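Trainee: Quick one: the structure is below, questions incoming.
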Amino acid sequence: MSATTPQPSAAVRTFTQQFSSTRRGARLARLLAYEQLRTWQASPYVTDRAEQIVAELAANAALHGRVQGRDFRLSLTHDLATGVLRIAATDARGDRLPSPVTDFVTPLDSESGRGLLIVTALADRWGTEPYPPGGKTVWAELSHQPASTVPPAVTGHDDTAMRTTVPWLEEAGRPRQA
């Protein structure tokens with residue numbers, strides 16, 4: 001009698017990497033996340049939003065979560081069964097939790113203050129979790145939408161709606177040039 005061993009389905013894909021808590025590390029995190037999503041053949045709708053979210057979370061981890069000599073970690077979890085992509089950035093500063101996004105009046109010429117507002121606009125949901133012994137994880141989740149239900153402002157066909165809603169996201173709705 002021969003029994004077959006059940007094989008686990010490849011319903012969840014993961015990517016995890018540590019980066020130096022520097023601007024260079026944050027940039028590398030964005031570039032590698034984009035390439036990983038292309039390897040997974042995620043839709044351009046998800047990839048473009050995820051790339052911007054990774055850029056913001058990685059920059060925040062490098063800038064606000066930096067502890068001398070400690071790296072930050074980026075994790076991508078792509079659940080094919082539920083159609084959810086989870087982006088998580090873990091840093092060593094658990095004492096510096098991001099505040100809920102309530103500042104809609106940051107001056108347009110300001111160089112900071114909009115990162116989590118951008119994450120709020122692009123992600124379906126986001127939050128924080130403690131990372132023992134003293135760190136934190138800031139995460140964001142994106143759901144896959146069929147192309148027919150994607151608003152034109154996000155696909156890049158007509159970015160007028162995106163500019164009037166969130167002016168500093170002008171480039172977010174445009175497709176990546178190869």
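Just remember, in the structure tokens the first chain shown is A, the second B, etc., residues are 1-based per chain, and ligands are 1-based in the order shown.
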Just want the 10 Å neighbourhood of Asn60 (chain A), counted on only C-alpha atoms, with same-chain residues fewer than 5 positions away dropped. Output as a PyMOL selection string.

Mentor: chain A and resi 21+23+26+54-55+65-66+89+91+98+115-116+138

Trainee: Please list as number ranges by chain every residue within 12 Å of Gln41 (chain A), counting only C-alpha atoms and excluding residues in the same chain fewer than 5 positions away.

Mentor: A: 13, 34-36, 46-47, 78, 80

Trainee: From the options A:Val67, A:Gly134, A:Ala62, A:Ile53, which residue's atoms come nearest to Arg114 (chain A), counting only C-alpha atoms?

Mentor: A:Ile53

Trainee: May I ask for the distance between CA of Val84 (chain A) and CA of Val12 (chain A), given in Å to one decimal place?

Mentor: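 Value for the CA of Val84 (chain A)-CA of Val12 (chain A) distance: 9.7 Å.
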
Trainee: Excluding Thr82 (chain A) and residues on its chain fewer than 4 positions from it, collect all residues at most 9 Å away from it, counting only C-alpha atoms, and give them as a ChimeraX atom specification.

Mentor: /A:11,78,143-144

Trainee: Could you name the residues that touch Leu32 (chain A) at 10 Å or less, counting only C-alpha atoms, but leaving out those on the same chain fewer than 4 positions away, as a list in words?

Mentor: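 Once the adjacent positions are removed, what remains is Phe15, Gln17, Arg27, Leu28, Gln36, Leu37, Arg38, Glu51, Val54 and Leu74 of chain A.
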
Trainee: Quick check, in Å to one decimal: how far apart do CA of Gln18 (chain A) and CA of Asp71 (chain A) lie?

Mentor: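 Going from CA of Gln18 (chain A) over to CA of Asp71 (chain A), I get 6.3 Å.
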